[in-house]
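**Student:** Structure: protein.txt, compact mmCIF, C-alpha atoms.
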# COMPACT_ATOMS: atom_id res chain seq x y z
CA MET A 11 -15.90 96.28 42.41
CA SER A 12 -13.50 98.36 40.35
CA THR A 13 -14.33 100.33 37.23
CA VAL A 14 -11.33 101.25 35.14
CA GLN A 15 -12.61 104.67 34.13
CA LEU A 16 -13.10 105.88 37.68
CA THR A 17 -10.36 106.98 40.04
CA SER A 18 -10.48 105.77 43.63
CA ALA A 19 -11.28 109.33 44.72
CA GLU A 20 -14.26 109.37 42.36
CA GLU A 21 -15.43 105.99 43.62
CA GLN A 22 -15.20 107.26 47.17
CA ARG A 23 -17.28 110.32 46.32
CA ILE A 24 -19.93 108.22 44.60
CA ILE A 25 -20.14 105.90 47.61
CA GLU A 26 -20.62 108.91 49.89
CA MET A 27 -23.43 110.13 47.62
CA LEU A 28 -25.04 106.68 47.65
CA ARG A 29 -24.81 106.45 51.42
CA LYS A 30 -26.52 109.82 51.74
CA GLU A 31 -29.18 108.56 49.31
CA ASP A 32 -29.67 105.53 51.59
CA ARG A 33 -30.07 107.71 54.69
CA ASP A 34 -32.54 109.98 52.89
CA ARG A 35 -34.60 107.04 51.64
CA ILE A 36 -34.75 105.56 55.13
CA GLU A 37 -35.97 108.89 56.47
CA VAL A 38 -38.61 109.05 53.73
CA ILE A 39 -39.79 105.53 54.63
CA LEU A 40 -39.90 106.28 58.36
CA ARG A 41 -41.72 109.57 57.95
CA THR A 42 -44.21 108.08 55.47
CA ALA A 43 -44.98 105.09 57.69
CA SER A 44 -45.29 107.38 60.68
CA ALA A 45 -47.71 109.65 58.79
CA LEU A 46 -49.87 106.69 57.75
CA LEU A 47 -50.03 105.28 61.27
CA SER A 48 -50.86 108.70 62.72
CA TRP A 49 -53.54 109.21 60.10
CA LEU A 50 -54.97 105.78 60.94
CA ALA A 51 -55.02 106.69 64.62
CA ASP A 52 -57.16 109.71 63.81
CA ALA A 53 -59.41 108.04 61.27
CA VAL A 54 -62.01 106.95 63.78
CA GLY A 55 -64.93 104.74 62.81
CA LEU A 56 -63.90 102.71 59.83
CA ALA A 57 -60.23 102.64 60.84
CA ALA A 58 -60.46 102.44 64.62
CA ASP A 59 -60.72 98.67 64.82
CA LEU A 60 -58.05 98.20 62.16
CA TYR A 61 -55.76 100.61 63.99
CA ARG A 62 -56.10 98.56 67.18
CA LYS A 63 -55.34 95.33 65.33
CA ILE A 64 -52.19 96.74 63.73
CA ARG A 65 -51.13 98.23 67.01
CA ASN A 66 -51.52 94.89 68.73
CA VAL A 67 -49.58 93.00 66.08
CA ALA A 68 -46.79 95.53 65.64
CA GLY A 69 -46.90 96.82 69.21
CA GLU A 70 -43.23 96.19 69.97
CA PHE A 71 -42.09 99.06 67.74
CA TRP A 72 -45.33 100.95 67.35
CA GLN A 73 -44.80 103.61 70.01
CA ALA A 74 -41.19 104.16 69.00
CA LEU A 75 -42.20 104.85 65.42
CA ARG A 76 -45.09 107.16 66.28
CA SER A 77 -42.98 109.15 68.69
CA LEU A 78 -40.35 109.79 66.03
CA PHE A 79 -42.28 112.51 64.28
CA TYR A 80 -45.65 113.13 65.94
CA MET B 1 -34.83 91.42 56.74
CA ASP B 2 -35.93 91.72 60.38
CA LYS B 3 -39.58 92.11 61.38
CA ARG B 4 -39.37 95.81 62.10
CA THR B 5 -37.72 96.61 58.75
CA SER B 6 -40.16 94.35 56.94
CA PHE B 7 -43.10 96.13 58.63
CA LEU B 8 -41.82 99.62 57.81
CA ARG B 9 -40.96 98.78 54.22
CA GLY B 10 -44.29 97.02 53.85
CA ILE B 11 -46.21 100.03 55.16
CA PHE B 12 -44.23 102.34 52.86
CA GLU B 13 -44.80 100.14 49.83
CA LEU B 14 -48.50 100.00 50.64
CA THR B 15 -48.70 103.80 50.56
CA GLN B 16 -47.01 103.85 47.16
CA SER B 17 -48.45 100.85 45.35
CA GLY B 18 -51.70 100.33 47.25
CA LYS B 19 -50.70 96.68 47.75
CA ALA B 20 -49.67 94.94 50.94
CA SER B 21 -46.36 93.09 50.52
CA ASP B 22 -45.90 89.45 51.52
CA GLY B 23 -43.83 90.63 54.49
CA LEU B 24 -46.60 92.91 55.71
CA ARG B 25 -49.20 90.14 55.25
CA GLU B 26 -47.02 87.81 57.28
CA ILE B 27 -46.80 90.31 60.15
CA LEU B 28 -50.39 91.59 60.15
CA GLY B 29 -52.23 88.55 58.90
CA ASN B 30 -54.12 88.40 55.62
CA GLU B 31 -57.38 89.82 56.92
CA THR B 32 -55.87 92.90 58.57
CA ALA B 33 -53.58 93.53 55.60
CA GLN B 34 -56.58 93.33 53.28
CA GLN B 35 -58.51 95.80 55.42
CA LEU B 36 -55.57 98.16 55.38
CA GLU B 37 -55.32 97.91 51.58
CA THR B 38 -59.02 98.71 51.27
CA LEU B 39 -58.82 101.67 53.61
CA VAL B 40 -55.75 103.13 51.87
CA SER B 41 -57.33 102.71 48.42
CA HIS B 42 -60.59 104.24 49.61
CA GLU B 43 -58.86 107.26 51.11
CA ARG B 44 -56.72 107.84 48.02
CA ALA B 45 -59.77 107.60 45.79
CA THR B 46 -62.04 109.85 47.85
CA ASN B 47 -59.46 112.30 49.16
CA PRO B 48 -56.48 112.30 46.80
CA PRO B 49 -53.27 114.16 47.63
CA LYS B 50 -53.38 117.80 46.66
CA VAL B 51 -50.30 119.95 46.15
CA ALA B 52 -50.04 123.59 45.08
CA VAL B 53 -46.90 124.65 43.26
CA ILE B 54 -46.35 128.39 42.98
CA GLY B 55 -43.57 130.27 41.25
CA LYS B 56 -42.79 132.84 38.62
CA ALA B 57 -42.20 131.91 35.00
CA GLY B 58 -38.83 130.28 34.47
CA VAL B 59 -38.13 129.13 38.04
CA GLY B 60 -38.55 125.47 37.09
CA LYS B 61 -41.98 124.51 38.44
CA THR B 62 -42.73 121.90 35.78
CA THR B 63 -39.30 120.27 36.00
CA THR B 64 -39.66 120.24 39.77
CA ILE B 65 -43.03 118.49 39.62
CA ASN B 66 -41.81 115.98 37.03
CA ASN B 67 -38.58 115.06 38.81
CA LEU B 68 -39.88 115.21 42.37
CA PHE B 69 -42.88 112.94 41.88
CA SER B 70 -42.08 111.05 38.64
CA ALA B 71 -45.83 110.90 38.08
CA GLU B 72 -47.55 110.91 34.72
CA LEU B 73 -49.58 113.98 33.72
CA LYS B 74 -53.09 112.88 32.78
CA VAL B 75 -55.21 116.03 32.70
CA SER B 76 -54.44 119.73 32.70
CA HIS B 77 -56.96 122.53 32.48
CA ALA B 78 -56.63 126.27 33.01
CA LEU B 79 -58.27 127.76 36.09
CA ARG B 80 -60.97 130.31 35.44
CA GLY B 81 -59.92 133.83 34.49
CA THR B 82 -56.40 132.92 33.47
CA SER B 83 -54.54 130.84 30.92
CA GLU B 84 -51.50 130.46 33.16
CA ALA B 85 -52.86 128.83 36.31
CA HIS B 86 -53.60 125.14 35.82
CA HIS B 87 -55.26 122.32 37.65
CA LYS B 88 -53.32 119.18 36.75
CA GLU B 89 -53.95 115.56 37.55
CA TYR B 90 -51.06 113.12 37.74
CA GLY B 91 -51.54 109.36 37.70
CA LEU B 92 -50.02 107.51 40.66
CA ARG B 93 -48.16 104.19 40.55
CA GLY B 94 -50.65 102.49 42.83
CA GLY B 95 -53.70 103.90 41.07
CA GLY B 96 -55.58 107.11 41.78
CA VAL B 97 -54.36 110.61 41.08
CA MET B 98 -52.52 113.51 42.62
CA HIS B 99 -53.97 116.97 42.11
CA VAL B 100 -51.49 119.75 41.45
CA ILE B 101 -52.48 123.40 41.34
CA ASP B 102 -49.79 124.94 39.15
CA MET B 103 -49.81 128.67 39.88
CA PRO B 104 -47.80 131.54 38.47
CA GLY B 105 -46.16 133.93 40.89
CA LEU B 106 -47.37 137.49 41.17
CA GLY B 107 -45.76 140.52 39.65
CA GLU B 108 -46.64 139.86 36.01
CA GLY B 109 -49.21 142.66 35.92
CA ILE B 110 -51.74 144.32 38.22
CA ALA B 111 -54.83 142.85 36.54
CA GLU B 112 -53.36 139.33 36.49
CA ASP B 113 -52.17 139.65 40.07
CA LYS B 114 -55.71 140.28 41.27
CA VAL B 115 -56.97 137.13 39.56
CA PHE B 116 -54.08 135.07 40.92
CA GLU B 117 -54.52 136.44 44.44
CA GLU B 118 -58.14 135.35 44.35
CA ILE B 119 -57.16 131.86 43.17
CA TYR B 120 -54.52 131.66 45.92
CA ARG B 121 -57.13 132.50 48.56
CA GLU B 122 -59.53 129.96 47.14
CA GLU B 123 -57.16 127.07 46.51
CA LEU B 124 -54.36 127.23 49.09
CA PRO B 125 -56.47 126.42 52.16
CA LYS B 126 -57.63 123.21 50.44
CA VAL B 127 -54.26 121.64 49.68
CA ASP B 128 -52.11 119.27 51.75
CA VAL B 129 -48.92 121.14 51.01
CA VAL B 130 -47.82 124.26 49.14
CA LEU B 131 -44.47 124.30 47.37
CA TYR B 132 -43.29 127.79 46.53
CA VAL B 133 -40.47 127.51 43.99
CA MET B 134 -38.03 130.38 43.58
CA GLN B 135 -34.60 130.77 42.12
CA ALA B 136 -31.82 130.57 44.68
CA ASP B 137 -30.53 134.08 44.08
CA GLU B 138 -30.36 136.75 46.80
CA ARG B 139 -31.03 139.51 44.29
CA LEU B 140 -34.50 138.15 43.52
CA LEU B 141 -35.87 137.92 47.06
CA GLY B 142 -37.66 141.26 47.41
CA GLU B 143 -40.74 140.52 45.33
CA ASP B 144 -41.11 137.01 46.75
CA GLN B 145 -41.02 138.39 50.31
CA ARG B 146 -43.89 140.70 49.45
CA ILE B 147 -45.88 137.85 47.89
CA PHE B 148 -45.39 135.67 50.97
CA THR B 149 -46.32 138.40 53.41
CA ASP B 150 -49.24 139.96 51.54
CA VAL B 151 -50.82 137.02 49.74
CA VAL B 152 -49.60 133.46 50.31
CA LEU B 153 -49.42 133.37 54.10
CA PRO B 154 -52.72 135.22 54.72
CA ALA B 155 -54.41 132.86 52.24
CA MET B 156 -53.03 129.81 54.06
CA ARG B 157 -53.88 131.14 57.51
CA LYS B 158 -57.61 131.10 56.86
CA GLY B 159 -58.96 130.11 60.25
CA ASN B 160 -55.47 129.11 61.30
CA GLY B 161 -54.40 132.02 63.54
CA SER B 162 -51.22 133.94 62.95
CA GLY B 163 -48.54 131.36 63.81
CA LYS B 164 -46.17 129.50 61.51
CA VAL B 165 -47.79 128.04 58.43
CA LYS B 166 -46.81 124.39 58.59
CA GLN B 167 -48.01 123.32 55.14
CA LEU B 168 -45.74 125.73 53.25
CA VAL B 169 -42.40 124.67 51.75
CA VAL B 170 -40.08 127.02 49.92
CA GLY B 171 -37.84 125.38 47.34
CA LEU B 172 -34.74 127.31 46.31
CA ASN B 173 -34.18 125.91 42.83
CA LYS B 174 -31.40 126.16 40.26
CA VAL B 175 -28.53 126.02 42.73
CA ASP B 176 -26.50 124.46 39.91
CA LEU B 177 -26.33 127.94 38.36
CA MET B 178 -24.63 129.50 41.38
CA GLU B 179 -21.06 130.77 41.12
CA PRO B 180 -18.44 129.40 41.23
CA ARG B 181 -20.03 127.11 38.68
CA GLN B 182 -18.06 123.93 39.26
CA TRP B 183 -20.51 121.22 38.34
CA ASN B 184 -18.92 117.82 37.83
CA THR B 185 -20.86 116.52 34.83
CA LYS B 186 -19.27 113.06 35.06
CA LEU B 187 -20.72 112.51 38.55
CA ASN B 188 -23.63 114.96 38.08
CA HIS B 189 -22.74 116.57 41.37
CA PRO B 190 -21.20 119.88 42.47
CA GLU B 191 -17.50 119.92 43.28
CA PRO B 192 -16.87 120.31 47.02
CA GLU B 193 -16.10 124.05 46.79
CA MET B 194 -19.33 124.70 44.89
CA ALA B 195 -21.32 122.47 47.27
CA ASP B 196 -19.99 124.48 50.23
CA THR B 197 -20.86 127.76 48.52
CA ILE B 198 -24.36 126.54 47.66
CA ALA B 199 -25.00 125.45 51.25
CA ARG B 200 -23.63 128.67 52.74
CA ARG B 201 -25.49 131.01 50.42
CA CYS B 202 -28.74 129.10 50.77
CA ARG B 203 -28.39 129.27 54.55
CA ASP B 204 -28.08 133.06 54.18
CA ILE B 205 -31.16 133.22 51.95
CA THR B 206 -33.08 131.01 54.38
CA LYS B 207 -32.12 133.18 57.34
CA ARG B 208 -33.13 136.32 55.50
CA LEU B 209 -36.45 134.94 54.28
CA ALA B 210 -37.41 133.39 57.62
CA GLY B 211 -36.34 136.54 59.44
CA GLN B 212 -38.29 138.93 57.27
CA VAL B 213 -41.44 136.94 56.55
CA PRO B 214 -43.44 136.36 59.74
CA GLY B 215 -44.94 132.88 59.68
CA LEU B 216 -42.30 131.33 57.43
CA ALA B 217 -40.20 128.74 59.28
CA ALA B 218 -36.52 128.21 58.40
CA GLU B 219 -36.98 124.43 58.45
CA SER B 220 -39.58 124.80 55.67
CA ILE B 221 -36.98 126.13 53.25
CA ASN B 222 -34.72 123.83 51.27
CA PHE B 223 -32.45 124.11 48.24
CA TYR B 224 -32.10 121.86 45.21
CA SER B 225 -31.72 121.68 41.45
CA ALA B 226 -34.63 120.16 39.55
CA ASP B 227 -32.68 120.12 36.27
CA ARG B 228 -29.75 118.22 37.81
CA ARG B 229 -31.97 116.19 40.21
CA TYR B 230 -29.73 117.42 43.03
CA ARG B 231 -31.11 117.13 46.60
CA LEU B 232 -34.59 116.09 45.47
CA ASP B 233 -34.78 113.64 48.39
CA ASP B 234 -34.00 116.49 50.78
CA LEU B 235 -36.83 118.52 49.30
CA MET B 236 -39.13 115.50 49.51
CA ILE B 237 -38.35 115.08 53.22
CA THR B 238 -39.23 118.74 53.80
CA LEU B 239 -42.51 118.26 51.90
CA ILE B 240 -43.37 115.17 53.94
CA GLY B 241 -42.78 117.12 57.15
CA ALA B 242 -45.01 119.95 55.91
CA ALA B 243 -47.82 117.68 54.73
CA GLY B 244 -48.20 116.17 58.23
CA LYS B 245 -50.54 113.20 58.47
CA ALA B 246 -51.49 113.48 54.79
CA ALA B 247 -47.85 112.91 53.79
CA TRP B 248 -48.32 109.17 53.25
CA LYS B 249 -50.45 109.91 50.19
CA LEU B 250 -47.72 111.79 48.30
CA PRO B 251 -45.79 109.82 45.66
CA LYS B 252 -42.12 109.44 46.64
CA ASP B 253 -40.52 108.47 43.33
CA THR B 254 -37.86 111.16 42.99
CA ALA B 255 -35.90 111.01 39.74
CA ASP B 256 -32.49 109.31 39.97
CA PRO B 257 -29.62 111.84 39.65
CA PHE B 258 -27.21 109.12 38.53
CA GLU B 259 -29.18 108.66 35.31
CA LEU B 260 -27.61 111.97 34.25
CA ALA B 261 -24.07 110.90 35.16
CA ALA B 262 -21.47 109.35 32.84
CA PRO B 263 -22.05 105.70 31.76
CA GLU B 264 -19.12 104.42 33.83
CA VAL B 265 -20.59 106.11 36.91
CA GLN B 266 -23.98 104.57 36.22
CA GLU B 267 -22.37 101.15 35.96
CA PHE B 268 -20.55 101.61 39.26
CA VAL B 269 -23.77 102.77 40.93
CA ARG B 270 -25.72 99.83 39.53
CA LYS B 271 -23.22 97.35 40.99
CA TRP B 272 -23.03 99.14 44.34
CA ARG B 273 -26.80 99.19 44.70
CA ALA B 274 -27.05 95.52 43.77
CA GLU B 275 -24.48 94.64 46.43
CA ASN B 276 -25.67 97.02 49.15
CA GLN B 277 -29.36 97.58 48.60
CA GLY B 278 -30.41 94.22 47.26
CA GLY B 279 -30.92 95.66 43.79
So that I can check it, write out the structure of this file as structure tokens.
**Tutor:**
Amino acid sequence: MSTVQLTSAEEQRIIEMLRKEDRDRIEVILRTASALLSWLADAVGLAADLYRKIRNVAGEFWQALRSLFY
Amino acid sequence: MDKRTSFLRGIFELTQSGKASDGLREILGNETAQQLETLVSHERATNPPKVAVIGKAGVGKTTTINNLFSAELKVSHALRGTSEAHHKEYGLRGGGVMHVIDMPGLGEGIAEDKVFEEIYREELPKVDVVLYVMQADERLLGEDQRIFTDVVLPAMRKGNGSGKVKQLVVGLNKVDLMEPRQWNTKLNHPEPEMADTIARRCRDITKRLAGQVPGLAAESINFYSADRRYRLDDLMITLIGAAGKAAWKLPKDTADPFELAAPEVQEFVRKWRAENQGG
């Protein structure tokens, strides 16, 4: 994956920037999913049954995700 | 993609597009996924995300909104008593809208300030998150401190006690204009010396602001450049934290900084993403 116009130092810097972008995007995904699941947990009535279903299906990582941010 | 990743990505995509992905359907089952879609769409339609953006003229509020959310402006109308404060509606990728209250900062004139203060008190308690945009320059802090202490924080504390105001984010914009100005235009990124200076000086500004404005938390302050699209993801993460459980409704399409880099950099990035991010 070489580009003639870029030095290896420049390529290295770009890769560092892209890796940071990856980490940031993962954090955005985690925090967004966590917010939705926490909102669902609070949205009693209409969402209560749905919340239980999702929790049952995705139970193996449910608690870990919720405890990340809330 | 493992089940956990597929679930998280599926949930995220649902919040952005309103549609459950195949992966999410596979994990939850069609019926549950459909119910989730319906609930998300209903909530977005009946209680759309609401953001207030405050800042003086020239601090980059509009560029910030455009590059942070990449949403399309549909409607804009002036709030009563002023031609400068606007209620804007932005269309979202998955349907529905985001409401943005675009507010000027105070200090333009005594008569205008009174109108704006009243609008602050009326609007700020209703929003999911407030983004206060200011220029990252130590010399300009005095007036903003007064505005936080006298107007913004009391307006947001309505019925909320006197503790930290969680929904407030302060964005220190235009860090690309800081000295030494060593912006690498080929990469669209500051050179290491400039990046270090930006981080150090913004830490100082953050410490000073958080120390002198009771109720303003240091973790609610972040620095970026809307023009250069620098650290927009960092600002987005701060906004998500401040918006709490309503954060899932915010659009997360920050503008790509590499689009402003040299063509050979864009080509390198395109290949790297294809190889490492599956496109």
**Student:** Would you be able to write out as a PDB file with C-alpha atoms, in the coordinates of the input which residues have an atom within 7 Å of (-58.7, 124.6, 31.6) in the file's coordinates, counting all atoms listed in the file?
**Tutor:**
ATOM      1  CA  SER B  76     -54.440 119.730  32.700  1.00  0.00           C
ATOM      2  CA  HIS B  77     -56.960 122.530  32.480  1.00  0.00           C
ATOM      3  CA  ALA B  78     -56.630 126.270  33.010  1.00  0.00           C
ATOM      4  CA  LEU B  79     -58.270 127.760  36.090  1.00  0.00           C
ATOM      5  CA  HIS B  86     -53.600 125.140  35.820  1.00  0.00           C
TER       6      HIS B  86
END
**Student:** Residues of chain A within 7 Å of chain B, using all atoms listed in the file, as JSON, numbers by chain?
**Tutor:** {"A": [13, 15, 34, 38, 39, 40, 42, 43, 45, 46, 48, 49, 60, 64, 67]}
**Student:** Restricting it to C-alpha atoms, dump the selection as a short mmCIF file (atom, residue, chain, number, x, y, z; two decimals), in the frame of the given file.
**Tutor:**
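Okay, this is what ended up in part.cif:
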data_model
loop_
_atom_site.label_atom_id
_atom_site.label_comp_id
_atom_site.auth_asym_id
_atom_site.auth_seq_id
_atom_site.Cartn_x
_atom_site.Cartn_y
_atom_site.Cartn_z
CA THR A 13 -14.33 100.33 37.23
CA GLN A 15 -12.61 104.67 34.13
CA ASP A 34 -32.54 109.98 52.89
CA VAL A 38 -38.61 109.05 53.73
CA ILE A 39 -39.79 105.53 54.63
CA LEU A 40 -39.90 106.28 58.36
CA THR A 42 -44.21 108.08 55.47
CA ALA A 43 -44.98 105.09 57.69
CA ALA A 45 -47.71 109.65 58.79
CA LEU A 46 -49.87 106.69 57.75
CA SER A 48 -50.86 108.70 62.72
CA TRP A 49 -53.54 109.21 60.10
CA LEU A 60 -58.05 98.20 62.16
CA ILE A 64 -52.19 96.74 63.73
CA VAL A 67 -49.58 93.00 66.08
#
**Student:** Ranking B:Met194, B:Val100, B:Leu24, B:Met134 by minimum distance to Asn66 of chain B and counting all atoms listed in the file, which one comes first?
**Tutor:**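 Of B:Met194, B:Val100, B:Leu24, B:Met134, the one nearest Asn66 of chain B, counting all atoms listed in the file, is B:Val100.
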**Student:** Any chance you could work out the axis-aligned box around segment 50-54 of chain A, listed atoms only, 8 Å on each side, giving centre and edge lengths in Å to one decimal, as JSON?
**Tutor:**
{"center_x": -58.5, "center_y": 107.7, "center_z": 62.8, "size_x": 23.0, "size_y": 19.9, "size_z": 19.7}
